[in-house]
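Here is model_34.txt, consisting of compact mmCIF, C-alpha atoms:
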# COMPACT_ATOMS: atom_id res chain seq x y z
CA MET A 30 0.00 0.00 0.00
CA GLN A 31 2.83 2.40 0.72
CA LYS A 32 4.38 1.73 -2.73
CA GLU A 33 1.03 2.27 -4.47
CA SER A 34 0.43 5.52 -2.56
CA PHE A 35 3.87 6.75 -3.53
CA LEU A 36 3.27 5.97 -7.22
CA ILE A 37 -0.09 7.75 -7.11
CA LEU A 38 1.54 10.82 -5.54
CA ILE A 39 4.23 10.91 -8.25
CA ALA A 40 1.54 10.67 -10.94
CA ILE A 41 -0.40 13.57 -9.42
CA ILE A 42 2.71 15.79 -9.24
CA PHE A 43 3.59 14.96 -12.86
CA ALA A 44 0.07 15.77 -14.03
CA LEU A 45 0.01 19.11 -12.20
CA SER A 46 3.39 20.09 -13.64
CA ASN A 47 2.12 19.39 -17.16
CA LEU A 48 -1.01 21.45 -16.54
CA ALA A 49 1.11 24.35 -15.35
CA GLY A 50 3.20 24.10 -18.51
CA CYS A 51 0.12 24.33 -20.75
CA GLY A 52 -0.86 27.81 -19.55
CA PRO A 53 0.39 31.06 -21.06
CA ARG A 54 3.97 31.87 -20.26
CA THR A 55 4.79 35.10 -18.52
CA GLU A 56 7.66 36.89 -20.21
CA ARG A 57 10.19 38.37 -17.87
CA ALA A 58 9.99 42.15 -17.83
CA VAL A 59 12.77 43.80 -19.79
CA ASP A 60 14.30 46.87 -18.17
CA GLU A 61 13.89 50.13 -20.02
CA PRO A 62 17.15 51.19 -21.68
CA GLU A 63 19.04 53.76 -19.67
CA VAL A 64 18.71 57.25 -21.13
CA VAL A 65 22.10 58.82 -21.78
CA HIS A 66 22.16 62.58 -21.40
CA ASN A 67 24.51 65.25 -22.73
CA VAL A 68 25.40 63.40 -25.90
CA LEU A 69 24.49 64.01 -29.54
CA THR A 70 23.06 61.42 -31.89
CA GLU A 71 24.65 60.84 -35.26
CA GLU A 72 21.67 62.59 -36.84
CA GLU A 73 22.14 65.66 -34.61
CA ILE A 74 25.83 65.81 -35.45
CA ALA A 75 25.01 65.66 -39.15
CA GLU A 76 22.51 68.50 -38.69
CA GLY A 77 25.16 70.69 -37.05
CA TRP A 78 24.16 70.50 -33.38
CA GLU A 79 26.82 71.19 -30.73
CA LEU A 80 26.75 70.57 -27.00
CA LEU A 81 27.14 73.58 -24.73
CA PHE A 82 27.51 71.34 -21.67
CA ASP A 83 29.47 68.08 -21.68
CA GLY A 84 27.78 66.71 -18.54
CA ARG A 85 31.03 66.54 -16.56
CA THR A 86 32.63 69.98 -16.45
CA THR A 87 31.74 73.64 -16.78
CA ASN A 88 33.98 74.00 -19.82
CA GLY A 89 32.64 76.57 -22.26
CA TRP A 90 31.05 78.70 -19.53
CA ARG A 91 32.37 81.56 -17.39
CA GLY A 92 31.07 84.16 -15.02
CA PHE A 93 29.50 87.26 -16.53
CA GLN A 94 32.29 89.76 -17.27
CA LYS A 95 34.81 87.32 -15.80
CA ASP A 96 37.61 85.24 -17.27
CA ASP A 97 36.57 81.89 -15.85
CA LEU A 98 34.04 80.03 -13.73
CA THR A 99 34.87 78.85 -10.22
CA ILE A 100 32.78 77.17 -7.53
CA ASP A 101 32.52 80.58 -5.86
CA GLU A 102 30.20 81.56 -8.70
CA GLY A 103 27.72 79.04 -7.31
CA TRP A 104 27.60 76.83 -10.42
CA TYR A 105 29.03 73.34 -10.81
CA ALA A 106 28.63 70.13 -12.80
CA HIS A 107 27.06 67.25 -10.87
CA GLN A 108 25.72 63.88 -12.05
CA GLY A 109 25.24 65.06 -15.62
CA MET A 110 23.64 68.37 -14.66
CA LEU A 111 24.79 71.99 -14.65
CA VAL A 112 23.61 73.21 -11.26
CA SER A 113 23.12 76.59 -9.61
CA GLN A 114 23.39 76.32 -5.84
CA GLY A 115 20.93 79.18 -5.40
CA ILE A 116 23.28 81.14 -3.16
CA GLY A 117 21.74 84.44 -4.23
CA CYS A 118 22.21 87.17 -6.79
CA ASP A 119 24.32 89.36 -4.51
CA LEU A 120 26.75 86.61 -3.56
CA THR A 121 27.28 84.85 -6.85
CA GLY A 122 26.39 85.58 -10.44
CA ASP A 123 24.97 84.68 -13.80
CA ILE A 124 27.08 82.67 -16.20
CA VAL A 125 27.56 83.04 -19.95
CA THR A 126 28.88 80.96 -22.80
CA GLU A 127 32.43 81.75 -23.82
CA ARG A 128 31.23 81.91 -27.43
CA GLN A 129 28.74 84.30 -28.97
CA PHE A 130 25.90 83.41 -31.31
CA GLU A 131 23.73 85.26 -33.81
CA ASN A 132 21.17 83.00 -35.52
CA PHE A 133 20.53 79.68 -33.79
CA ILE A 134 18.23 77.10 -32.26
CA LEU A 135 18.96 76.45 -28.59
CA LYS A 136 17.55 73.51 -26.66
CA ALA A 137 17.90 72.70 -22.96
CA GLU A 138 16.20 70.64 -20.30
CA TRP A 139 15.70 72.28 -16.92
CA ARG A 140 14.04 71.83 -13.58
CA ILE A 141 13.46 74.41 -10.86
CA SER A 142 13.23 74.22 -7.08
CA GLU A 143 9.95 74.94 -5.29
CA GLY A 144 9.11 78.64 -5.56
CA GLY A 145 12.19 79.07 -7.73
CA ASN A 146 13.08 81.59 -10.41
CA SER A 147 15.71 81.55 -13.16
CA GLY A 148 16.03 82.17 -16.87
CA ILE A 149 17.90 81.66 -20.13
CA LEU A 150 19.02 84.90 -21.75
CA TYR A 151 20.34 85.37 -25.27
CA LEU A 152 22.11 88.00 -27.38
CA VAL A 153 23.80 89.16 -24.18
CA GLY A 154 26.48 91.84 -24.34
CA GLU A 155 29.14 92.56 -21.74
CA ASN A 156 30.67 95.91 -22.66
CA GLY A 157 30.20 97.86 -19.48
CA TYR A 158 26.67 96.66 -18.74
CA PRO A 159 25.83 95.79 -15.11
CA SER A 160 24.02 92.50 -15.72
CA VAL A 161 22.97 89.99 -18.35
CA TYR A 162 19.38 91.28 -18.31
CA ALA A 163 20.56 94.78 -19.23
CA THR A 164 21.02 93.60 -22.81
CA GLY A 165 19.58 90.11 -23.32
CA PRO A 166 15.91 89.15 -23.71
CA GLU A 167 14.99 86.40 -21.23
CA TYR A 168 13.27 83.06 -21.61
CA GLN A 169 11.64 82.96 -18.20
CA ILE A 170 12.04 79.90 -15.96
CA LEU A 171 9.76 79.80 -12.93
CA ASP A 172 7.82 77.57 -10.57
CA ASP A 173 4.51 78.90 -11.95
CA LEU A 174 2.44 76.71 -9.66
CA GLY A 175 4.29 77.50 -6.45
CA TYR A 176 5.68 80.99 -6.85
CA PRO A 177 4.93 82.99 -3.67
CA VAL A 178 3.62 86.17 -5.35
CA GLU A 179 0.87 86.89 -7.85
CA LEU A 180 2.24 86.67 -11.37
CA ASP A 181 1.85 89.11 -14.21
CA ALA A 182 1.00 87.39 -17.50
CA THR A 183 4.48 88.22 -18.83
CA TRP A 184 6.22 86.50 -15.91
CA TYR A 185 5.10 82.93 -16.52
CA THR A 186 7.48 80.24 -17.69
CA ALA A 187 8.66 80.61 -21.29
CA ALA A 188 7.57 84.27 -21.45
CA ASN A 189 9.85 86.82 -23.03
CA TYR A 190 10.18 88.16 -19.54
CA ASP A 191 8.12 91.27 -18.83
CA LEU A 192 7.30 91.82 -22.53
CA HIS A 193 5.55 88.85 -24.18
CA ALA A 194 3.23 86.54 -22.28
CA PRO A 195 3.30 82.84 -23.20
CA GLU A 196 0.21 81.20 -24.65
CA GLN A 197 -1.01 78.57 -22.17
CA PRO A 198 2.44 77.33 -21.20
CA PRO A 199 2.38 73.54 -20.59
CA VAL A 200 4.81 73.76 -17.70
CA LYS A 201 5.53 70.84 -15.37
CA PRO A 202 5.71 71.30 -11.59
CA ALA A 203 8.83 72.16 -9.64
CA GLY A 204 11.26 69.24 -9.52
CA GLU A 205 10.18 67.82 -12.89
CA TRP A 206 12.11 68.22 -16.12
CA ASN A 207 10.91 70.68 -18.75
CA THR A 208 12.30 71.25 -22.24
CA ALA A 209 13.02 74.76 -23.51
CA GLN A 210 13.70 75.74 -27.09
CA ILE A 211 14.67 79.21 -28.31
CA VAL A 212 14.88 80.14 -31.98
CA VAL A 213 16.60 83.34 -33.12
CA ASP A 214 16.65 83.79 -36.89
CA ASN A 215 17.46 87.27 -38.23
CA GLY A 216 15.53 88.84 -35.39
CA HIS A 217 12.58 86.45 -35.57
CA VAL A 218 12.31 84.85 -32.11
CA GLU A 219 10.32 81.85 -30.91
CA HIS A 220 10.02 80.39 -27.41
CA TRP A 221 8.97 76.75 -27.12
CA LEU A 222 8.08 74.82 -23.97
CA ASN A 223 7.74 71.04 -23.87
CA GLY A 224 7.23 70.88 -27.63
CA GLN A 225 4.71 73.73 -27.89
CA LYS A 226 5.41 77.19 -29.32
CA VAL A 227 4.21 79.75 -26.77
CA VAL A 228 5.90 83.04 -27.75
CA GLU A 229 6.77 84.61 -31.11
CA TYR A 230 8.04 88.12 -31.83
CA GLN A 231 10.32 90.17 -34.08
CA LEU A 232 13.31 91.99 -32.68
CA TRP A 233 14.14 95.53 -33.86
CA SER A 234 10.74 96.04 -35.50
CA ASP A 235 8.62 99.15 -34.88
CA ALA A 236 6.35 97.08 -32.64
CA TRP A 237 9.38 95.89 -30.67
CA GLU A 238 10.76 99.39 -30.19
CA GLU A 239 7.38 100.67 -28.98
CA LEU A 240 6.99 97.77 -26.56
CA VAL A 241 10.44 98.29 -25.05
CA ALA A 242 9.96 102.07 -24.81
CA ALA A 243 6.83 101.50 -22.71
CA SER A 244 8.48 98.96 -20.39
CA LYS A 245 11.05 99.00 -17.60
CA TRP A 246 13.66 98.11 -20.22
CA ALA A 247 13.39 101.68 -21.52
CA ASP A 248 15.94 102.57 -18.82
CA PHE A 249 18.46 100.12 -20.29
CA PRO A 250 19.86 101.64 -23.51
CA GLY A 251 21.55 98.39 -24.56
CA TYR A 252 18.52 96.17 -24.09
CA GLY A 253 17.77 94.03 -27.14
CA LYS A 254 20.29 95.91 -29.28
CA TYR A 255 22.84 93.17 -29.82
CA ARG A 256 22.53 91.11 -32.99
CA ARG A 257 25.19 88.70 -31.75
CA GLY A 258 25.86 87.81 -28.15
CA HIS A 259 26.29 85.26 -25.38
CA ILE A 260 23.83 82.72 -24.00
CA ALA A 261 23.37 83.27 -20.25
CA LEU A 262 21.95 81.21 -17.39
CA GLN A 263 20.53 83.26 -14.55
CA ASP A 264 21.21 82.88 -10.85
CA HIS A 265 18.14 84.36 -9.19
CA GLY A 266 18.91 82.98 -5.75
CA ASP A 267 17.17 79.62 -6.27
CA GLN A 268 18.42 76.17 -7.15
CA VAL A 269 18.03 75.24 -10.80
CA TRP A 270 19.34 72.31 -12.84
CA PHE A 271 20.14 72.12 -16.57
CA ARG A 272 21.12 69.27 -18.86
CA ASN A 273 21.21 68.45 -22.58
CA ILE A 274 22.09 72.04 -23.49
CA LYS A 275 22.70 72.09 -27.22
CA ILE A 276 22.76 74.62 -30.04
CA ARG A 277 22.57 74.61 -33.82
CA GLU A 278 23.71 77.73 -35.61
CA LEU A 279 21.61 78.85 -38.55
CA ASP A 280 22.92 80.33 -41.78

Please express the file's structure as structure tokens.
Amino acid sequence: MQKESFLILIAIIFALSNLAGCGPRTERAVDEPEVVHNVLTEEEIAEGWELLFDGRTTNGWRGFQKDDLTIDEGWYAHQGMLVSQGIGCDLTGDIVTERQFENFILKAEWRISEGGNSGILYLVGENGYPSVYATGPEYQILDDLGYPVELDATWYTAANYDLHAPEQPPVKPAGEWNTAQIVVDNGHVEHWLNGQKVVEYQLWSDAWEELVAASKWADFPGYGKYRRGHIALQDHGDQVWFRNIKIRELD
């Protein structure tokens, strides 16, 4: 009886194992490929894109009206990001590209701290001006959802700061990555946010001159005058992170 019971048990186990094998197989989940940042694809290289940040160093950047960029400026490279410590405008400073650009498409990914404020400025001049915003129009970067004061329409993310309000900017909350794109082509300017064009204007036109004359920029004689200048990243006293900063010059 013990031998027969044993044989019956073996037969049951064998039958159950076969039944299990007849069901649908569950494929093992395949991990998503790791995204590599701060590199160009072969297609981008062929199109003429260049990196403005290599993901490891601050090469190619320096302090505004300075010869280099040190940690005292409050900016450093960390884990593939170009980071502002948010020390404060009076203690540190904005940074600019060593090179100057005229007609271009600029792309960058950024994220801002809660309640934070920063910006990307372009066509920035340095000849005796007190700050990057004295000459360069600004692509506004802001925690729209958590900023501690009421916002004017021209202060929201991706605005041409204090001049052109963005159209329904699809901004992501503080701490999440957003994608900025700035186009400057013979004075025609576009601001894009997360794949959507939200601002468009023409530099040096009659409409532009009238708009500036009626704004606070009227007190800055060099504002928006440069046809070639530096790209600047603003330290507004808040932490901000950038990566995948790239540019393609236009003919």

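Closest to A:Tyr162 among A:His220, A:Lys245, A:Arg85, A:Arg277 is A:Lys245, based on all atoms listed in the file.
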
### Task
Considering all atoms listed in the file, return as a count of residues only whatever protein or nucleic-acid residues lie within 12 Å of A:Leu98, sequence-local ones (same chain, fewer than 3 positions apart) excluded.
23

### Task
Tell me which of A:Tyr151, A:Trp270, A:Trp78, A:Phe249 sits closest to A:Val213, counting all atoms listed in the file.
A:Tyr151

With only C-alpha atoms counted and 10 Å as the cut-off, give the residues of stretch 139-225 of chain A in contact with stretch 252-256 of chain A, each with its shortest interatomic distance in Å and the pair that gives it, as CSV.
residue,atom,partner,partner_atom,distance
A:Tyr151,CA,A:Gly253,CA,9.2
A:Leu152,CA,A:Tyr255,CA,5.8
A:Val153,CA,A:Tyr255,CA,7.0
A:Gly154,CA,A:Tyr255,CA,6.7
A:Tyr158,CA,A:Tyr252,CA,9.8
A:Val161,CA,A:Tyr252,CA,9.5
A:Tyr162,CA,A:Tyr252,CA,7.6
A:Ala163,CA,A:Tyr252,CA,5.5
A:Thr164,CA,A:Tyr252,CA,3.8
A:Gly165,CA,A:Gly253,CA,5.8
A:Pro166,CA,A:Gly253,CA,6.2
A:Val213,CA,A:Arg256,CA,9.8
A:Asn215,CA,A:Arg256,CA,8.2
A:Gly216,CA,A:Arg256,CA,7.7

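You will find atom CA of A:Lys136 at 22.3 Å from atom CA of A:Gly115.
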
## Note on the structure
Pairwise distance, atom CA of A:Tyr168 with atom CA of A:Thr208, equals 11.9 Å

### Task
Go through A:Pro195, A:Gly258, A:Gly148, A:Pro202 and flag the residue nearest A:Tyr230, using only C-alpha atoms for the distances.
A:Pro195

### Message
List the spatial neighbours of A:Leu171 as an MDAnalysis selection string - criterion: any atom at most 6 Å away, all atoms listed in the file, same-chain residues fewer than 6 positions off excluded.
### Response
chainID A and resid 145:146 186

## Note on the structure
From the list A:Gly251, A:Pro159, A:Gly266, A:Gly109, the nearest residue to A:Ile141 using only C-alpha atoms is A:Gly266

### Message
Under the rule that all atoms listed in the file are counted, which of A:Ala203, A:Glu72, A:Val227, A:Leu174 is the nearest residue to A:Ala188?
### Response
A:Val227

Quick one: residues within 7 Å of A:Ile276, all atoms listed in the file, excluding same-chain residues fewer than 6 positions away - as a short mmCIF file (atom, residue, chain, number, x, y, z; two decimals) with C-alpha atoms, keeping the file's coordinate frame?
data_model
loop_
_atom_site.label_atom_id
_atom_site.label_comp_id
_atom_site.auth_asym_id
_atom_site.auth_seq_id
_atom_site.Cartn_x
_atom_site.Cartn_y
_atom_site.Cartn_z
CA TRP A 78 24.16 70.50 -33.38
CA GLU A 79 26.82 71.19 -30.73
CA LEU A 80 26.75 70.57 -27.00
CA LEU A 81 27.14 73.58 -24.73
CA PHE A 133 20.53 79.68 -33.79
CA ILE A 134 18.23 77.10 -32.26
CA LEU A 135 18.96 76.45 -28.59
CA LYS A 136 17.55 73.51 -26.66
#

#### Entry: Atomic distance atom CA of A:Trp139 - atom CA of A:Ala209, expressed in Å with one decimal
7.5 Å
